[in-house]
$ cat model.cif   # mmCIF, C-alpha atoms
data_protein
#
loop_
_atom_site.label_atom_id
_atom_site.label_comp_id
_atom_site.auth_asym_id
_atom_site.auth_seq_id
_atom_site.Cartn_x
_atom_site.Cartn_y
_atom_site.Cartn_z
CA MET A 1 137.88 56.59 -115.46
CA THR A 2 141.28 56.05 -117.09
CA LYS A 3 144.50 57.58 -115.89
CA THR A 4 144.41 59.97 -118.83
CA ASP A 5 140.96 61.21 -117.82
CA GLU A 6 142.10 61.65 -114.21
CA ALA A 7 145.11 63.65 -115.34
CA ARG A 8 142.87 65.88 -117.44
CA ALA A 9 140.52 66.37 -114.47
CA VAL A 10 143.25 67.59 -112.12
CA THR A 11 145.20 69.60 -114.73
CA PRO A 12 144.06 73.25 -114.82
CA LYS A 13 142.87 74.59 -118.11
CA ASN A 14 145.00 77.07 -120.00
CA GLY A 15 142.49 79.79 -119.28
CA SER A 16 143.01 79.41 -115.51
CA ARG A 17 146.71 80.33 -115.90
CA ARG A 18 145.87 83.67 -117.39
CA GLY A 19 147.15 86.48 -115.19
CA ARG A 20 149.61 84.20 -113.40
CA ALA A 21 153.39 84.34 -113.43
CA LEU A 22 156.33 83.32 -111.27
CA GLY A 23 155.42 80.20 -109.28
CA GLY A 24 151.73 80.66 -109.99
CA ALA A 25 151.63 84.07 -108.29
CA PRO A 26 148.90 86.39 -109.63
CA LEU A 27 150.28 89.38 -111.50
CA PRO A 28 148.32 91.89 -109.34
CA LEU A 29 150.30 90.55 -106.35
CA LEU A 30 153.58 89.82 -108.11
CA ILE A 31 154.13 93.30 -109.53
CA PRO A 32 153.78 95.26 -106.24
CA ALA A 33 155.80 92.54 -104.48
CA LEU A 34 158.69 93.06 -106.89
CA VAL A 35 158.39 96.83 -106.56
CA GLY A 36 158.50 96.46 -102.77
CA LEU A 37 161.58 94.23 -103.03
CA ALA A 38 163.31 96.78 -105.25
CA PHE A 39 162.33 99.56 -102.85
CA LEU A 40 164.04 97.74 -99.98
CA LEU A 41 167.14 96.62 -101.89
CA LEU A 42 167.87 99.68 -104.03
CA PRO A 43 169.24 101.86 -101.17
CA LEU A 44 171.50 99.03 -100.03
CA LEU A 45 172.76 98.47 -103.57
CA ALA A 46 173.37 102.21 -103.94
CA LEU A 47 175.44 102.12 -100.74
CA LEU A 48 177.57 99.33 -102.18
CA ILE A 49 177.89 100.97 -105.59
CA ARG A 50 178.92 104.38 -104.25
CA ALA A 51 181.22 103.01 -101.56
CA PRO A 52 184.81 104.33 -101.77
CA TRP A 53 186.34 100.87 -101.96
CA ARG A 54 189.86 102.11 -102.73
CA SER A 55 190.03 104.45 -99.76
CA LEU A 56 187.93 102.22 -97.49
CA PRO A 57 190.91 100.80 -95.52
CA ASP A 58 192.17 104.32 -94.81
CA GLN A 59 188.70 105.46 -93.79
CA LEU A 60 188.18 102.57 -91.40
CA THR A 61 191.61 102.99 -89.80
CA SER A 62 191.28 106.72 -89.16
CA ALA A 63 191.33 107.78 -85.52
CA GLU A 64 187.79 109.17 -85.50
CA VAL A 65 186.23 106.11 -87.13
CA TRP A 66 188.19 103.73 -84.91
CA GLN A 67 187.12 105.57 -81.76
CA ALA A 68 183.46 105.40 -82.79
CA LEU A 69 183.78 101.74 -83.77
CA GLN A 70 185.52 100.77 -80.53
CA LEU A 71 183.04 102.67 -78.38
CA SER A 72 180.10 101.15 -80.25
CA LEU A 73 181.35 97.60 -79.79
CA VAL A 74 182.11 98.09 -76.10
CA SER A 75 178.88 99.90 -75.27
CA ALA A 76 176.70 97.48 -77.27
CA THR A 77 178.32 94.52 -75.51
CA ALA A 78 177.86 96.15 -72.10
CA ALA A 79 174.22 96.98 -72.91
CA THR A 80 173.65 93.37 -73.93
CA ALA A 81 175.17 92.17 -70.65
CA VAL A 82 172.82 94.47 -68.73
CA SER A 83 169.90 93.18 -70.80
CA LEU A 84 170.84 89.58 -70.02
CA VAL A 85 171.18 90.16 -66.29
CA LEU A 86 167.87 92.00 -66.02
CA GLY A 87 165.94 90.72 -69.02
CA VAL A 88 166.16 86.95 -68.54
CA PRO A 89 164.63 87.05 -65.01
CA LEU A 90 161.99 89.46 -66.30
CA ALA A 91 161.13 87.11 -69.16
CA TRP A 92 160.88 84.21 -66.70
CA LEU A 93 158.57 86.26 -64.48
CA LEU A 94 156.26 87.01 -67.40
CA ALA A 95 156.26 83.44 -68.71
CA ARG A 96 156.21 81.33 -65.56
CA THR A 97 154.31 83.32 -62.93
CA ASP A 98 150.77 84.57 -62.73
CA PHE A 99 150.18 87.90 -61.00
CA PRO A 100 147.65 90.70 -61.30
CA GLY A 101 148.40 93.07 -64.16
CA ARG A 102 150.79 90.74 -65.97
CA GLY A 103 149.40 91.78 -69.35
CA PHE A 104 149.90 95.44 -68.47
CA VAL A 105 153.47 94.77 -67.36
CA ARG A 106 154.15 92.95 -70.64
CA ALA A 107 152.78 95.95 -72.55
CA LEU A 108 155.11 98.26 -70.62
CA VAL A 109 158.07 96.00 -71.37
CA THR A 110 157.37 96.12 -75.10
CA LEU A 111 156.68 99.88 -75.10
CA PRO A 112 160.28 100.85 -76.01
CA LEU A 113 159.85 98.85 -79.23
CA VAL A 114 157.30 101.35 -80.54
CA LEU A 115 158.34 104.42 -78.56
CA PRO A 116 160.28 106.97 -80.67
CA PRO A 117 163.91 106.70 -79.53
CA VAL A 118 164.16 110.47 -78.98
CA VAL A 119 161.20 110.26 -76.60
CA GLY A 120 162.99 107.45 -74.81
CA GLY A 121 166.05 109.68 -74.45
CA VAL A 122 163.94 112.50 -73.00
CA ALA A 123 162.34 110.04 -70.56
CA LEU A 124 165.78 108.83 -69.49
CA LEU A 125 166.87 112.42 -68.88
CA LEU A 126 163.81 113.07 -66.73
CA ALA A 127 164.42 109.87 -64.76
CA LEU A 128 168.21 109.63 -64.55
CA GLY A 129 169.38 113.16 -65.28
CA ARG A 130 171.14 115.23 -62.65
CA ASN A 131 167.79 116.74 -61.66
CA GLY A 132 165.78 113.63 -62.58
CA VAL A 133 163.42 111.64 -60.42
CA VAL A 134 166.13 109.09 -59.57
CA GLY A 135 169.19 110.82 -60.97
CA GLN A 136 169.20 113.55 -58.33
CA TRP A 137 169.63 110.90 -55.62
CA LEU A 138 172.34 109.12 -57.60
CA ASP A 139 174.18 112.42 -57.87
CA SER A 140 173.78 113.52 -54.24
CA TRP A 141 174.33 110.12 -52.58
CA PHE A 142 176.89 108.45 -54.85
CA GLY A 143 178.18 111.24 -57.08
CA VAL A 144 177.04 109.31 -60.17
CA THR A 145 176.00 111.34 -63.22
CA LEU A 146 174.85 109.24 -66.16
CA PRO A 147 173.86 111.73 -68.88
CA PHE A 148 176.53 112.72 -71.41
CA SER A 149 178.86 109.94 -70.33
CA THR A 150 179.89 106.54 -71.66
CA ALA A 151 177.77 104.91 -68.97
CA GLY A 152 174.86 106.95 -70.30
CA VAL A 153 175.42 105.40 -73.73
CA VAL A 154 175.14 101.94 -72.20
CA VAL A 155 171.97 102.90 -70.32
CA ALA A 156 170.33 104.36 -73.44
CA GLU A 157 171.22 101.33 -75.55
CA ALA A 158 170.03 98.87 -72.90
CA PHE A 159 166.73 100.74 -72.61
CA VAL A 160 165.91 100.24 -76.29
CA ALA A 161 167.53 96.80 -76.69
CA MET A 162 166.28 94.88 -73.65
CA PRO A 163 162.70 94.37 -74.94
CA PHE A 164 164.05 92.38 -77.89
CA LEU A 165 165.74 89.95 -75.51
CA VAL A 166 162.76 89.75 -73.16
CA ILE A 167 160.33 88.93 -75.99
CA SER A 168 162.64 86.29 -77.45
CA VAL A 169 163.32 84.59 -74.10
CA GLU A 170 159.69 84.75 -73.00
CA GLY A 171 158.58 83.07 -76.22
CA THR A 172 161.16 80.34 -75.73
CA LEU A 173 160.05 79.83 -72.13
CA ARG A 174 156.41 79.49 -73.17
CA ALA A 175 157.40 76.88 -75.75
CA ALA A 176 159.49 74.90 -73.22
CA ASP A 177 157.75 72.17 -71.26
CA PRO A 178 157.37 73.33 -67.62
CA ARG A 179 157.07 69.73 -66.42
CA TYR A 180 160.85 69.41 -66.37
CA GLU A 181 161.04 72.20 -63.82
CA GLU A 182 158.21 70.67 -61.81
CA ALA A 183 160.01 67.32 -61.78
CA ALA A 184 163.16 68.99 -60.51
CA THR A 185 161.27 70.73 -57.69
CA THR A 186 159.57 67.47 -56.66
CA LEU A 187 163.03 65.91 -56.34
CA GLY A 188 163.99 68.56 -53.81
CA ALA A 189 165.53 71.28 -55.96
CA SER A 190 164.61 74.87 -55.22
CA ARG A 191 162.95 76.94 -57.92
CA PHE A 192 166.17 78.84 -58.52
CA THR A 193 168.17 75.61 -58.78
CA ALA A 194 165.60 74.22 -61.22
CA PHE A 195 165.86 77.41 -63.23
CA ARG A 196 169.66 77.29 -63.27
CA ARG A 197 170.09 73.56 -63.88
CA VAL A 198 167.03 72.74 -66.01
CA THR A 199 165.44 75.82 -67.53
CA LEU A 200 168.54 77.69 -68.65
CA PRO A 201 169.93 74.80 -70.74
CA LEU A 202 166.48 74.35 -72.34
CA ILE A 203 166.12 77.99 -73.35
CA ALA A 204 169.77 78.64 -74.21
CA PRO A 205 169.07 78.98 -77.97
CA GLY A 206 166.35 81.54 -77.28
CA ILE A 207 168.66 83.48 -74.96
CA ALA A 208 171.39 83.46 -77.59
CA ALA A 209 169.01 84.69 -80.29
CA GLY A 210 167.66 87.40 -78.02
CA ALA A 211 171.18 88.49 -77.05
CA VAL A 212 172.19 88.79 -80.69
CA LEU A 213 169.09 90.86 -81.45
CA ALA A 214 169.69 93.08 -78.43
CA TRP A 215 173.33 93.56 -79.37
CA ALA A 216 172.47 94.51 -82.94
CA ARG A 217 169.76 96.91 -81.76
CA ALA A 218 172.14 98.50 -79.26
CA LEU A 219 174.81 98.87 -81.92
CA GLY A 220 172.46 100.76 -84.21
CA GLU A 221 170.82 102.96 -81.57
CA PHE A 222 170.80 106.68 -82.40
CA GLY A 223 167.90 108.72 -81.02
CA ALA A 224 168.00 107.83 -77.33
CA THR A 225 171.80 107.93 -77.31
CA ILE A 226 172.18 111.41 -78.78
CA THR A 227 169.41 112.76 -76.53
CA PHE A 228 170.58 111.19 -73.27
CA ALA A 229 174.34 110.84 -73.78
CA GLY A 230 175.15 113.49 -76.38
CA ASN A 231 177.62 113.29 -79.23
CA PHE A 232 181.12 113.72 -77.83
CA PRO A 233 183.94 112.08 -79.86
CA GLY A 234 185.78 109.43 -77.90
CA ARG A 235 183.25 109.46 -75.04
CA THR A 236 179.70 109.12 -76.34
CA GLN A 237 179.99 109.21 -80.14
CA THR A 238 178.97 105.77 -81.38
CA MET A 239 178.96 104.66 -85.02
CA PRO A 240 175.42 105.85 -85.87
CA LEU A 241 176.23 109.25 -84.40
CA ALA A 242 179.53 109.33 -86.28
CA VAL A 243 177.68 108.51 -89.51
CA TYR A 244 175.31 111.41 -88.93
CA LEU A 245 178.16 113.82 -88.20
CA ALA A 246 180.42 112.59 -91.01
CA LEU A 247 177.61 112.86 -93.57
CA GLN A 248 177.83 116.64 -93.23
CA ASN A 249 181.63 116.95 -93.43
CA ASP A 250 183.09 113.71 -94.85
CA PRO A 251 180.59 111.62 -96.88
CA ALA A 252 183.24 108.97 -97.61
CA ALA A 253 183.68 108.30 -93.89
CA ALA A 254 179.90 108.17 -93.47
CA ILE A 255 179.66 105.54 -96.21
CA ALA A 256 182.51 103.53 -94.66
CA LEU A 257 180.80 103.46 -91.26
CA SER A 258 177.50 102.61 -92.91
CA LEU A 259 179.14 99.64 -94.59
CA VAL A 260 180.36 98.41 -91.21
CA LEU A 261 176.84 98.62 -89.79
CA LEU A 262 175.46 96.90 -92.89
CA ALA A 263 177.97 94.07 -92.49
CA VAL A 264 176.98 93.67 -88.85
CA SER A 265 173.30 93.52 -89.78
CA ILE A 266 173.98 90.84 -92.39
CA ALA A 267 176.01 88.87 -89.86
CA VAL A 268 173.11 89.04 -87.38
CA LEU A 269 170.67 87.75 -89.99
CA ALA A 270 173.09 84.97 -90.89
CA GLY A 271 173.38 84.01 -87.23
CA LEU A 272 169.59 83.87 -86.92
CA ARG A 273 168.99 82.08 -90.21
CA ASP A 274 167.69 78.93 -88.52
CA ARG A 275 165.12 81.00 -86.63
CA TRP A 276 163.94 83.51 -89.23
CA MET A 277 165.45 82.78 -92.64
CA THR A 278 164.30 79.20 -93.19
CA ALA A 279 160.82 78.55 -94.51
CA SER A 280 158.64 76.06 -92.69
CA ARG A 281 157.96 72.94 -94.70
#

$ encode --input "model.cif" --output "C-alpha cells"
Amino acid sequence: MTKTDEARAVTPKNGSRRGRALGGAPLPLLIPALVGLAFLLLPLLALLIRAPWRSLPDQLTSAEVWQALQLSLVSATAATAVSLVLGVPLAWLLARTDFPGRGFVRALVTLPLVLPPVVGGVALLLALGRNGVVGQWLDSWFGVTLPFSTAGVVVAEAFVAMPFLVISVEGTLRAADPRYEEAATTLGASRFTAFRRVTLPLIAPGIAAGAVLAWARALGEFGATITFAGNFPGRTQTMPLAVYLALQNDPAAAIALSLVLLAVSIAVLAGLRDRWMTASR
C-alpha cells in the first residue's frame, strides 16, 4: 500500500464530518455547551456593564463599605487560621490513621459542604447560643457569648470553610508517599516530629491551596453568618451581608461590593490555576 493509500485510509470521509463543528465537537453537544457557557458568563458581564465605574472610588471609600470590607477581611483571615489549626490535624487523622467509623467521620466532615448555610447557622445557635448545648456553659463559666458578635462571624465562617481545607489537605496527604515518614520514625523521630519536619514540607502546596479555598469561602459566607451572628454594621456585617442590605437601599453600593467579591474570586482562581485551570496533557 502506498503512502497515498494509507493517507486515504486514515482520513475520514466528508460524510463523517457532518454534524460536527468547533474542534470536531458534535453540534448536539456544542450548542448546549455554548448556551451553558453564556448562562454562566452573562450575569458576570451584566455586573461589569452596569457597574458605576465613575462613582466606584467614592462607593468603595464610604464608611459603610469600608467597615464591611475590613470586617470581612479580618474575619475571613481569622476563620482560615482556625481552619488551619484544627483542619490540618483532622486531615492527617483521616488520611494516615485507621480507626472504626473513619468513613462516617469523613462524611460528617464534608457535611457542611452540602448543608444549607442557614441550617448551619441554626445548628450553631443550638450548639453555641446562650442557651445552647455548649454555649450555656461558655456563658456561665467564662462569660463568653458567641452569637451576634464578631467572634460569632469567625465561628460561622470557619464552620462552612474548614471542610474545603480538610478535603484538600487529605487528598494531598494520600498522594504523598508515607515511606518518608516511616523512614523518619525508624531513625528515632517521633510521629509528631516526622509530621512537622517531613510531612508538612511535602504537603505545603496542598495546605496553601486549601487555605486559599477556605479563605475565599469564608469571605463569601452569608447564610450561616446572618443566622448565627446577625447583621450589625461595624460588628457583624460582612461584605455579602452589606451587599444584601445595600441592594434594597443603594444599588450602586451593592454593585461596588459585588465587584470586590468578584475580583477576589478571580484572584483565587488565578492563584489555583496550576491545580484546577491547567488541562492535563

$ atom_distance --input "model.cif" --atom1 "atom CA of Leu241 of chain A" --atom2 "atom CA of Val264 of chain A"
16.2 Å

$ resolve_selection --input "model.cif" --expression "the PyMOL selection byres ((chain A and resi 155-160) around 6)" --output "VMD selection string"
chain A and resid 79 112 152 to 154 161 to 162 218 224 to 225

$ closest_atom_pairs --input "model.cif" --of "segment 162-241 of chain A" --to "segment 96-99 of chain A" --cutoff "9 Å" --atoms "all atoms listed in the file" --output "Markdown table"
| residue | atom | partner | partner_atom | distance |
| --- | --- | --- | --- | --- |
| A:Glu170 | CA | A:Arg96 | CA | 8.9 |
| A:Leu173 | CA | A:Arg96 | CA | 7.8 |
| A:Arg174 | CA | A:Arg96 | CA | 7.8 |
| A:Pro178 | CA | A:Arg96 | CA | 8.3 |

$ resolve_selection --input "model.cif" --expression "the PyMOL selection byres ((chain A and resi 135) around 12)" --output "MDAnalysis selection string"
chainID A and resid 123:134 136:147 152

$ write_last_selection --input "model.cif" --atoms "C-alpha atoms" --output "short mmCIF file (atom, residue, chain, number, x, y, z; two decimals), in the frame of the given file"
data_model
loop_
_atom_site.label_atom_id
_atom_site.label_comp_id
_atom_site.auth_asym_id
_atom_site.auth_seq_id
_atom_site.Cartn_x
_atom_site.Cartn_y
_atom_site.Cartn_z
CA ALA A 123 162.34 110.04 -70.56
CA LEU A 124 165.78 108.83 -69.49
CA LEU A 125 166.87 112.42 -68.88
CA LEU A 126 163.81 113.07 -66.73
CA ALA A 127 164.42 109.87 -64.76
CA LEU A 128 168.21 109.63 -64.55
CA GLY A 129 169.38 113.16 -65.28
CA ARG A 130 171.14 115.23 -62.65
CA ASN A 131 167.79 116.74 -61.66
CA GLY A 132 165.78 113.63 -62.58
CA VAL A 133 163.42 111.64 -60.42
CA VAL A 134 166.13 109.09 -59.57
CA GLN A 136 169.20 113.55 -58.33
CA TRP A 137 169.63 110.90 -55.62
CA LEU A 138 172.34 109.12 -57.60
CA ASP A 139 174.18 112.42 -57.87
CA SER A 140 173.78 113.52 -54.24
CA TRP A 141 174.33 110.12 -52.58
CA PHE A 142 176.89 108.45 -54.85
CA GLY A 143 178.18 111.24 -57.08
CA VAL A 144 177.04 109.31 -60.17
CA THR A 145 176.00 111.34 -63.22
CA LEU A 146 174.85 109.24 -66.16
CA PRO A 147 173.86 111.73 -68.88
CA GLY A 152 174.86 106.95 -70.30
#

$ residues_near_point --input "model.cif" --point "(174.8, 109.5, -84.9)" --cutoff "9 Å" --atoms "only C-alpha atoms" --output "VMD selection string"
chain A and resid 221 to 223 225 to 226 231 237 to 246

$ atom_distance --input "model.cif" --atom1 "atom CA of Leu202 of chain A" --atom2 "atom CA of Pro89 of chain A"
14.8 Å

$ residues_around --input "model.cif" --residues "Trp215 of chain A" --least-positions-apart "5" --cutoff "7 Å" --atoms "only C-alpha atoms" --output "MDAnalysis selection string"
chainID A and resid 76:77 80

$ atom_distance --input "model.cif" --atom1 "atom CA of Thr199 of chain A" --atom2 "atom CA of Ala176 of chain A"
8.3 Å

$ residues_around --input "model.cif" --residues "Trp53 of chain A" --least-positions-apart "6" --cutoff "10 Å" --atoms "only C-alpha atoms" --output "list of chain:residue names"
A:Gln59, A:Ala252, A:Ile255, A:Ala256

$ axis_aligned_box --input "model.cif" --around "segment 119-132 of chain A" --padding-each-side "3 Å" --output "AutoDock Vina command-line options"
--center_x 166.2 --center_y 112.1 --center_z -69.1 --size_x 15.9 --size_y 15.3 --size_z 20.9

$ closest_residue --input "model.cif" --among "A:Ser265, A:Val88, A:Leu41, A:Ala253" --to "Ser55 of chain A" --atoms "only C-alpha atoms"
A:Ala253

$ closest_residue --input "model.cif" --among "A:Leu29, A:Leu187, A:Val122, A:Ala91" --to "Ile167 of chain A" --atoms "all atoms listed in the file"
A:Ala91

$ residues_around --input "model.cif" --residues "segment 44-48 of chain A" --least-positions-apart "6" --cutoff "12 Å" --atoms "only C-alpha atoms" --output "mmCIF file with C-alpha atoms, in the frame of the given file"
data_model
loop_
_atom_site.group_PDB
_atom_site.id
_atom_site.type_symbol
_atom_site.label_atom_id
_atom_site.label_comp_id
_atom_site.auth_asym_id
_atom_site.auth_seq_id
_atom_site.Cartn_x
_atom_site.Cartn_y
_atom_site.Cartn_z
ATOM 1 C CA LEU A 37 161.580 94.230 -103.030
ATOM 2 C CA ALA A 38 163.310 96.780 -105.250
ATOM 3 C CA LEU A 56 187.930 102.220 -97.490
ATOM 4 C CA PRO A 251 180.590 111.620 -96.880
ATOM 5 C CA ALA A 252 183.240 108.970 -97.610
ATOM 6 C CA ALA A 254 179.900 108.170 -93.470
ATOM 7 C CA ILE A 255 179.660 105.540 -96.210
ATOM 8 C CA ALA A 256 182.510 103.530 -94.660
ATOM 9 C CA LEU A 257 180.800 103.460 -91.260
ATOM 10 C CA SER A 258 177.500 102.610 -92.910
ATOM 11 C CA LEU A 259 179.140 99.640 -94.590
ATOM 12 C CA VAL A 260 180.360 98.410 -91.210
ATOM 13 C CA LEU A 261 176.840 98.620 -89.790
ATOM 14 C CA LEU A 262 175.460 96.900 -92.890
ATOM 15 C CA ALA A 263 177.970 94.070 -92.490
ATOM 16 C CA SER A 265 173.300 93.520 -89.780
ATOM 17 C CA ILE A 266 173.980 90.840 -92.390
#

$ residues_around --input "model.cif" --residues "Leu165 of chain A" --least-positions-apart "2" --cutoff "8 Å" --atoms "all atoms listed in the file" --output "PyMOL selection string"
chain A and resi 83-84+87-88+161-163+167-169+207+209-211+213-214

$ closest_residue --input "model.cif" --among "A:Leu219, A:Val198, A:Ile49, A:Phe164" --to "Ala184 of chain A" --atoms "only C-alpha atoms"
A:Val198

$ closest_residue --input "model.cif" --among "A:Ala183, A:Val65, A:Ala51, A:Leu30" --to "Phe195 of chain A" --atoms "all atoms listed in the file"
A:Ala183

$ closest_residue --input "model.cif" --among "A:Val85, A:Ala216, A:Ala107, A:Val35" --to "Leu73 of chain A" --atoms "all atoms listed in the file"
A:Ala216

$ residues_around --input "model.cif" --residues "Gly103 of chain A" --least-positions-apart "6" --cutoff "12 Å" --atoms "only C-alpha atoms" --output "ChimeraX atom specification"
/A:93-95,97,109-110

$ build_atoms --input "model.cif" --residues "segment 23-32 of chain A" --atoms "all heavy atoms" --output "mmCIF file, in the frame of the given file"
data_model
loop_
_atom_site.group_PDB
_atom_site.id
_atom_site.type_symbol
_atom_site.label_atom_id
_atom_site.label_comp_id
_atom_site.auth_asym_id
_atom_site.auth_seq_id
_atom_site.Cartn_x
_atom_site.Cartn_y
_atom_site.Cartn_z
ATOM 1 N N GLY A 23 155.899 81.116 -110.294
ATOM 2 C CA GLY A 23 155.420 80.200 -109.280
ATOM 3 C C GLY A 23 153.923 80.212 -109.096
ATOM 4 O O GLY A 23 153.419 79.833 -108.045
ATOM 5 N N GLY A 24 153.178 80.614 -110.111
ATOM 6 C CA GLY A 24 151.730 80.660 -109.990
ATOM 7 C C GLY A 24 151.213 81.881 -109.266
ATOM 8 O O GLY A 24 150.024 81.943 -108.935
ATOM 9 N N ALA A 25 152.067 82.880 -108.996
ATOM 10 C CA ALA A 25 151.630 84.070 -108.290
ATOM 11 C C ALA A 25 150.821 84.954 -109.224
ATOM 12 O O ALA A 25 151.229 85.194 -110.360
ATOM 13 C CB ALA A 25 152.834 84.838 -107.758
ATOM 14 N N PRO A 26 149.693 85.471 -108.777
ATOM 15 C CA PRO A 26 148.900 86.390 -109.630
ATOM 16 C C PRO A 26 149.674 87.663 -109.896
ATOM 17 O O PRO A 26 150.344 88.211 -109.014
ATOM 18 C CB PRO A 26 147.650 86.657 -108.781
ATOM 19 C CG PRO A 26 147.619 85.566 -107.766
ATOM 20 C CD PRO A 26 149.038 85.181 -107.509
ATOM 21 N N LEU A 27 149.568 88.156 -111.140
ATOM 22 C CA LEU A 27 150.280 89.380 -111.500
ATOM 23 C C LEU A 27 149.907 90.576 -110.632
ATOM 24 O O LEU A 27 150.780 91.382 -110.297
ATOM 25 C CB LEU A 27 150.030 89.697 -112.982
ATOM 26 C CG LEU A 27 150.778 88.808 -113.983
ATOM 27 C CD1 LEU A 27 150.406 89.191 -115.398
ATOM 28 C CD2 LEU A 27 152.285 88.929 -113.789
ATOM 29 N N PRO A 28 148.625 90.751 -110.218
ATOM 30 C CA PRO A 28 148.320 91.890 -109.340
ATOM 31 C C PRO A 28 149.043 91.855 -107.998
ATOM 32 O O PRO A 28 149.183 92.874 -107.331
ATOM 33 C CB PRO A 28 146.797 91.779 -109.148
ATOM 34 C CG PRO A 28 146.319 91.067 -110.357
ATOM 35 C CD PRO A 28 147.409 90.086 -110.670
ATOM 36 N N LEU A 29 149.505 90.660 -107.575
ATOM 37 C CA LEU A 29 150.300 90.550 -106.350
ATOM 38 C C LEU A 29 151.793 90.550 -106.644
ATOM 39 O O LEU A 29 152.592 91.076 -105.866
ATOM 40 C CB LEU A 29 149.931 89.281 -105.591
ATOM 41 C CG LEU A 29 148.505 89.189 -105.044
ATOM 42 C CD1 LEU A 29 148.303 87.860 -104.338
ATOM 43 C CD2 LEU A 29 148.222 90.344 -104.095
ATOM 44 N N LEU A 30 152.172 89.949 -107.785
ATOM 45 C CA LEU A 30 153.580 89.820 -108.110
ATOM 46 C C LEU A 30 154.225 91.168 -108.388
ATOM 47 O O LEU A 30 155.333 91.458 -107.919
ATOM 48 C CB LEU A 30 153.758 88.888 -109.307
ATOM 49 C CG LEU A 30 155.203 88.663 -109.773
ATOM 50 C CD1 LEU A 30 156.013 87.976 -108.696
ATOM 51 C CD2 LEU A 30 155.222 87.845 -111.058
ATOM 52 N N ILE A 31 153.539 92.018 -109.133
ATOM 53 C CA ILE A 31 154.130 93.300 -109.530
ATOM 54 C C ILE A 31 154.413 94.188 -108.311
ATOM 55 O O ILE A 31 155.542 94.663 -108.136
ATOM 56 C CB ILE A 31 153.224 94.011 -110.550
ATOM 57 C CG1 ILE A 31 153.217 93.216 -111.862
ATOM 58 C CG2 ILE A 31 153.708 95.440 -110.791
ATOM 59 C CD1 ILE A 31 152.279 93.770 -112.902
ATOM 60 N N PRO A 32 153.433 94.446 -107.413
ATOM 61 C CA PRO A 32 153.780 95.260 -106.240
ATOM 62 C C PRO A 32 154.784 94.579 -105.313
ATOM 63 O O PRO A 32 155.560 95.259 -104.623
ATOM 64 C CB PRO A 32 152.430 95.480 -105.543
ATOM 65 C CG PRO A 32 151.550 94.408 -106.047
ATOM 66 C CD PRO A 32 152.002 94.121 -107.436
#
